[in-house]
Amino acid sequence: MKRSIITTYMLSLVLTASGLQAFAQANISPAKKQDRTIAITGATIHVGNGTVVQNGTIVFSNGKIVSVTPNGQAPQDASVISASGKHIYPGFIAPVTNLGLTEIEAVKATIDFREIGTYNPHVRSLIAYNTDSKVQPTLRSNGVLMAQVTPQGGVLAGSSSVVQLDAWNWEDAVLRADDAIHLNWPQTPRFRGGFGRFAQQSPEALQEATNKSIDELKAFFAEAKAYAEIAKPEVTNTRFEAMRRLFNGQEKLFVTADSQKDIVAAIRFAKGMGLNPVLVGGDEAYLVANFLKENNVAVVVKQPHSLPANNDDDVNMPYKNAARLANAGLTVVLSIEGYWQQRNLPFMAGTAAAWGMDREKAVSAVTLNTAKILGIDKTAGSLEAGKDATLFVSAGDALDMKTNKVEKAFIQGRDINLDNLHKQLDKKFSDKYSGK
């Protein structure tokens, strides 16, 4: 009997959905709560604040760090892990990423990081965060244990939240809910010709469109600020209500801008609104480093492994950008595009160190500095007494892809499973072709 076109189409949808469901099934359970004191001895401990403890001992209990000492003795009741010749780091933190909001780039049903519209400050990434993703375990295997889950798109993309990467659900994962609102500063395209809607437009027309977008943005912020000054508005505006947290200091403003002109304009705009922004991107931030320092602006350097922003730039400028900003006295944080790519975050820090950044400052750029701009530095970002025991042990230098071999990892003292889909596939086909 012949199937109708509709029946065949519906069947294909069901099979596709079933395949996605099978792919999304979790096979690694979150670790159980720490139930005994643990001491790791004999390691080189990279505290995260620039300090290195040689032959150190770190002790943690009930999910919190008790002590970090050189040549320290383990408590008698502790479970001792010998890490002689190895390295201990705070868990690396991936900022400004759509991790957990997308799974398969080619499958629209698994993509949930962008909303329709230009101004969406009320959008919350946290409630869409998928803890059953296959991606997070691949990050943990390289020492990335926390992330700032961030929406994208439009001028105001919405609110990000900070999570740890070993949880049953988003309620368990959250470290700080709604930490920042993300603004994509309207930027004029730097080219003429080509394809798309900019192909036939003159530079004057493009600049006019940009100016219009900036005027609309200023009007939106002015209205939102006026709304925030009213304790109980007669009519609730969902978008403006979300902005209230920005103006009362509960959330930060992360501004994405790259050219020096846009950077200066965006920072001046934020300052004019009484906000202390964090700059994201900053391809040409090194050209206005003094301006950024004067305004106490931290910089999230994105995608160090990339081509220069301008044709006449030094071909190595993306590698040097973080070092130049750090050496100018700015707080620098390292990031990388996308979600699955976050497993390479440690190597972005390694690149920055190879191109002029002090190596321990490079560690701070993916640990304590990140924790500071995300507002979680009281509990995370460095290995200090009283903070969460979120850390990992690597056989070698974790910033070097040749020696980054994470052997143990703990999130809030929980001994997490370092298995992942990539390791499983590697073993599967290694066994096949080795004849086992």
# chains A, B, ... in the order shown; residues from 1 in each chain; ligands from 1
$ residues_around --residues "segment 377-383 of chain A" --least-positions-apart "4" --cutoff "12 Å" --atoms "only C-alpha atoms" --output "PyMOL selection string"
chain A and resi 45-53+56-60+63-69+88-94+144-147+162-164+175-176+333+360+363-373+387-392+411-412
$ residues_around --residues "Arg414 of chain A" --least-positions-apart "2" --cutoff "6 Å" --atoms "only C-alpha atoms" --output "NGL selection string"
:A and (31 or 33-34 or 410-412 or 416)
$ write_last_selection --atoms "C-alpha atoms" --output "CSV table (one decimal), in the first residue's frame"
chain,number,residue,atom,x,y,z
A,31,ALA,CA,28.7,13.6,40.8
A,33,LYS,CA,28.0,15.6,47.1
A,34,GLN,CA,31.5,15.5,48.7
A,410,PHE,CA,36.2,18.6,41.2
A,411,ILE,CA,33.2,21.0,41.2
A,412,GLN,CA,32.3,22.3,44.6
A,416,ILE,CA,33.2,14.6,38.6
$ atom_distance --atom1 "atom CA of Ala231 of chain A" --atom2 "atom CA of His182 of chain A"
24.3 Å
$ select_by_dssp --residues "segment 18-146 of chain A" --states "strand (DSSP E or B)" --output "ChimeraX atom specification"
/A:38-46,52-61,64-70,79-82,87-90,92-97,102,111,114,119,124,144-146
$ write_last_selection --atoms "C-alpha atoms" --output "PDB file, in the first residue's frame"
ATOM      1  CA  ILE A  38      40.232  15.326  50.384  1.00  0.00           C
ATOM      2  CA  ALA A  39      43.875  16.397  50.317  1.00  0.00           C
ATOM      3  CA  ILE A  40      45.892  16.639  47.103  1.00  0.00           C
ATOM      4  CA  THR A  41      49.604  16.731  47.800  1.00  0.00           C
ATOM      5  CA  GLY A  42      52.907  17.424  46.043  1.00  0.00           C
ATOM      6  CA  ALA A  43      51.541  19.463  43.139  1.00  0.00           C
ATOM      7  CA  THR A  44      52.415  22.810  41.604  1.00  0.00           C
ATOM      8  CA  ILE A  45      49.352  24.873  42.546  1.00  0.00           C
ATOM      9  CA  HIS A  46      48.377  27.780  40.296  1.00  0.00           C
ATOM     10  CA  VAL A  52      52.204  29.705  42.356  1.00  0.00           C
ATOM     11  CA  VAL A  53      52.686  27.289  45.264  1.00  0.00           C
ATOM     12  CA  GLN A  54      55.418  24.736  44.630  1.00  0.00           C
ATOM     13  CA  ASN A  55      55.106  21.253  46.142  1.00  0.00           C
ATOM     14  CA  GLY A  56      51.793  22.364  47.565  1.00  0.00           C
ATOM     15  CA  THR A  57      48.957  20.675  49.379  1.00  0.00           C
ATOM     16  CA  ILE A  58      45.321  21.667  48.954  1.00  0.00           C
ATOM     17  CA  VAL A  59      42.700  20.425  51.408  1.00  0.00           C
ATOM     18  CA  PHE A  60      38.955  20.718  50.885  1.00  0.00           C
ATOM     19  CA  SER A  61      35.911  19.522  52.770  1.00  0.00           C
ATOM     20  CA  LYS A  64      34.954  24.276  50.294  1.00  0.00           C
ATOM     21  CA  ILE A  65      38.708  24.813  50.283  1.00  0.00           C
ATOM     22  CA  VAL A  66      40.173  24.504  53.777  1.00  0.00           C
ATOM     23  CA  SER A  67      43.811  25.351  53.057  1.00  0.00           C
ATOM     24  CA  VAL A  68      46.456  25.772  50.367  1.00  0.00           C
ATOM     25  CA  THR A  69      49.978  25.403  51.739  1.00  0.00           C
ATOM     26  CA  PRO A  70      53.513  24.601  50.568  1.00  0.00           C
ATOM     27  CA  SER A  79      41.531  10.877  51.556  1.00  0.00           C
ATOM     28  CA  VAL A  80      44.943  11.658  50.047  1.00  0.00           C
ATOM     29  CA  ILE A  81      45.624  12.042  46.324  1.00  0.00           C
ATOM     30  CA  SER A  82      49.310  12.214  45.380  1.00  0.00           C
ATOM     31  CA  HIS A  87      49.594  20.860  38.291  1.00  0.00           C
ATOM     32  CA  ILE A  88      46.441  22.057  40.026  1.00  0.00           C
ATOM     33  CA  TYR A  89      44.354  24.921  38.621  1.00  0.00           C
ATOM     34  CA  PRO A  90      41.078  26.618  39.539  1.00  0.00           C
ATOM     35  CA  PHE A  92      38.509  27.542  33.997  1.00  0.00           C
ATOM     36  CA  ILE A  93      35.506  29.764  33.218  1.00  0.00           C
ATOM     37  CA  ALA A  94      34.106  30.280  29.708  1.00  0.00           C
ATOM     38  CA  PRO A  95      32.465  33.723  29.368  1.00  0.00           C
ATOM     39  CA  VAL A  96      30.036  34.942  26.700  1.00  0.00           C
ATOM     40  CA  THR A  97      29.113  31.581  25.183  1.00  0.00           C
ATOM     41  CA  THR A 102      22.490  24.791  21.088  1.00  0.00           C
ATOM     42  CA  ILE A 111      19.100  25.925  18.634  1.00  0.00           C
ATOM     43  CA  ARG A 114      18.400  33.853  19.766  1.00  0.00           C
ATOM     44  CA  TYR A 119      15.409  44.720  22.066  1.00  0.00           C
ATOM     45  CA  ARG A 124      16.731  34.822  30.229  1.00  0.00           C
ATOM     46  CA  VAL A 144      36.597  24.230  31.748  1.00  0.00           C
ATOM     47  CA  LEU A 145      34.210  23.762  34.679  1.00  0.00           C
ATOM     48  CA  MET A 146      32.050  26.910  34.601  1.00  0.00           C
TER      49      MET A 146
END
$ closest_residue --among "A:Val301, A:Asp178, A:Glu284, A:Val155" --to "Leu345 of chain A" --atoms "only C-alpha atoms"
A:Val301
$ residues_around --residues "Lys261 of chain A" --least-positions-apart "4" --cutoff "12 Å" --atoms "only C-alpha atoms" --output "PyMOL selection string"
chain A and resi 185-188+190+257+265-268+282-285+287-288+291
$ select_by_dssp --residues "segment 162-259 of chain A" --states "alpha helix (DSSP H)" --output "PyMOL selection string"
chain A and resi 170-173+203-228+238-247
$ write_last_selection --atoms "C-alpha atoms" --output "PDB file, in the first residue's frame"
ATOM      1  CA  TRP A 170      19.508  24.407  35.368  1.00  0.00           C
ATOM      2  CA  GLU A 171      18.356  24.983  38.948  1.00  0.00           C
ATOM      3  CA  ASP A 172      21.230  22.788  40.180  1.00  0.00           C
ATOM      4  CA  ALA A 173      23.704  24.309  37.720  1.00  0.00           C
ATOM      5  CA  PRO A 203      29.147  54.771   3.082  1.00  0.00           C
ATOM      6  CA  GLU A 204      26.913  57.746   3.852  1.00  0.00           C
ATOM      7  CA  ALA A 205      23.780  55.593   3.793  1.00  0.00           C
ATOM      8  CA  LEU A 206      25.393  52.983   5.997  1.00  0.00           C
ATOM      9  CA  GLN A 207      26.497  55.621   8.498  1.00  0.00           C
ATOM     10  CA  GLU A 208      23.015  57.140   8.509  1.00  0.00           C
ATOM     11  CA  ALA A 209      21.503  53.730   9.285  1.00  0.00           C
ATOM     12  CA  THR A 210      23.988  53.231  12.108  1.00  0.00           C
ATOM     13  CA  ASN A 211      23.254  56.658  13.562  1.00  0.00           C
ATOM     14  CA  LYS A 212      19.539  55.857  13.456  1.00  0.00           C
ATOM     15  CA  SER A 213      20.127  52.596  15.347  1.00  0.00           C
ATOM     16  CA  ILE A 214      22.169  54.430  17.981  1.00  0.00           C
ATOM     17  CA  ASP A 215      19.461  57.083  18.395  1.00  0.00           C
ATOM     18  CA  GLU A 216      16.846  54.345  18.877  1.00  0.00           C
ATOM     19  CA  LEU A 217      19.093  52.649  21.426  1.00  0.00           C
ATOM     20  CA  LYS A 218      19.555  55.876  23.382  1.00  0.00           C
ATOM     21  CA  ALA A 219      15.801  56.479  23.387  1.00  0.00           C
ATOM     22  CA  PHE A 220      15.145  52.945  24.627  1.00  0.00           C
ATOM     23  CA  PHE A 221      17.649  53.312  27.491  1.00  0.00           C
ATOM     24  CA  ALA A 222      16.286  56.737  28.427  1.00  0.00           C
ATOM     25  CA  GLU A 223      12.751  55.358  28.664  1.00  0.00           C
ATOM     26  CA  ALA A 224      13.939  52.288  30.573  1.00  0.00           C
ATOM     27  CA  LYS A 225      15.865  54.420  33.062  1.00  0.00           C
ATOM     28  CA  ALA A 226      12.848  56.675  33.641  1.00  0.00           C
ATOM     29  CA  TYR A 227      10.694  53.576  34.151  1.00  0.00           C
ATOM     30  CA  ALA A 228      13.215  52.152  36.649  1.00  0.00           C
ATOM     31  CA  THR A 238       8.265  43.505  30.632  1.00  0.00           C
ATOM     32  CA  ARG A 239      11.301  44.815  28.769  1.00  0.00           C
ATOM     33  CA  PHE A 240      11.730  47.828  31.010  1.00  0.00           C
ATOM     34  CA  GLU A 241      11.236  45.698  34.135  1.00  0.00           C
ATOM     35  CA  ALA A 242      14.207  43.601  33.034  1.00  0.00           C
ATOM     36  CA  MET A 243      16.280  46.779  32.625  1.00  0.00           C
ATOM     37  CA  ARG A 244      15.496  47.769  36.216  1.00  0.00           C
ATOM     38  CA  ARG A 245      18.082  45.232  37.429  1.00  0.00           C
ATOM     39  CA  LEU A 246      20.682  46.916  35.241  1.00  0.00           C
ATOM     40  CA  PHE A 247      20.090  50.388  36.638  1.00  0.00           C
TER      41      PHE A 247
END
$ closest_residue --among "A:Lys302, A:Lys232, A:Lys408, A:His122" --to "Ala83 of chain A" --atoms "only C-alpha atoms"
A:Lys408
$ decode --residues "segment 102-124 of chain A" --atoms "N, CA and C atoms" --output "compact mmCIF listing (two decimals), in the first residue's frame"
# COMPACT_ATOMS: atom_id res chain seq x y z
N THR A 102 22.50 25.41 22.41
CA THR A 102 22.49 24.79 21.09
C THR A 102 23.25 23.48 21.15
N GLU A 103 22.83 22.55 20.34
CA GLU A 103 23.44 21.22 20.38
C GLU A 103 24.03 20.82 19.02
N ILE A 104 23.19 20.94 17.98
CA ILE A 104 23.63 20.58 16.63
C ILE A 104 23.34 21.77 15.73
N GLU A 105 24.37 22.39 15.21
CA GLU A 105 24.19 23.63 14.46
C GLU A 105 23.30 23.46 13.24
N ALA A 106 23.28 22.26 12.65
CA ALA A 106 22.49 22.03 11.44
C ALA A 106 21.03 21.65 11.73
N VAL A 107 20.69 21.49 13.01
CA VAL A 107 19.33 21.09 13.37
C VAL A 107 18.67 22.23 14.15
N LYS A 108 17.71 22.89 13.50
CA LYS A 108 17.10 24.09 14.07
C LYS A 108 16.43 23.83 15.41
N ALA A 109 15.88 22.63 15.58
CA ALA A 109 15.16 22.33 16.81
C ALA A 109 16.07 22.31 18.04
N THR A 110 17.38 22.23 17.84
CA THR A 110 18.31 22.20 18.98
C THR A 110 18.95 23.55 19.23
N ILE A 111 18.51 24.59 18.51
CA ILE A 111 19.10 25.92 18.63
C ILE A 111 18.15 26.84 19.38
N ASP A 112 18.60 27.41 20.50
CA ASP A 112 17.72 28.22 21.33
C ASP A 112 18.48 29.37 21.99
N PHE A 113 19.33 30.06 21.22
CA PHE A 113 20.11 31.14 21.81
C PHE A 113 19.73 32.51 21.27
N ARG A 114 18.75 32.58 20.39
CA ARG A 114 18.40 33.85 19.77
C ARG A 114 16.88 34.03 19.71
N GLU A 115 16.42 35.24 20.07
CA GLU A 115 15.00 35.54 19.97
C GLU A 115 14.75 36.55 18.84
N ILE A 116 13.55 36.54 18.30
CA ILE A 116 13.17 37.49 17.27
C ILE A 116 13.04 38.88 17.89
N GLY A 117 13.47 39.88 17.18
CA GLY A 117 13.33 41.24 17.68
C GLY A 117 14.67 41.89 17.96
N THR A 118 14.64 43.21 18.15
CA THR A 118 15.86 44.00 18.35
C THR A 118 16.20 44.21 19.81
N TYR A 119 15.18 44.43 20.65
CA TYR A 119 15.41 44.72 22.07
C TYR A 119 14.74 43.64 22.92
N ASN A 120 15.56 42.77 23.47
CA ASN A 120 15.04 41.65 24.26
C ASN A 120 15.75 41.52 25.63
N PRO A 121 15.80 42.58 26.41
CA PRO A 121 16.48 42.49 27.70
C PRO A 121 15.79 41.53 28.67
N HIS A 122 14.52 41.20 28.39
CA HIS A 122 13.75 40.33 29.27
C HIS A 122 14.02 38.85 29.02
N VAL A 123 14.76 38.52 27.97
CA VAL A 123 15.06 37.13 27.67
C VAL A 123 16.10 36.60 28.65
N ARG A 124 15.83 35.42 29.25
CA ARG A 124 16.73 34.82 30.23
C ARG A 124 17.29 33.52 29.66
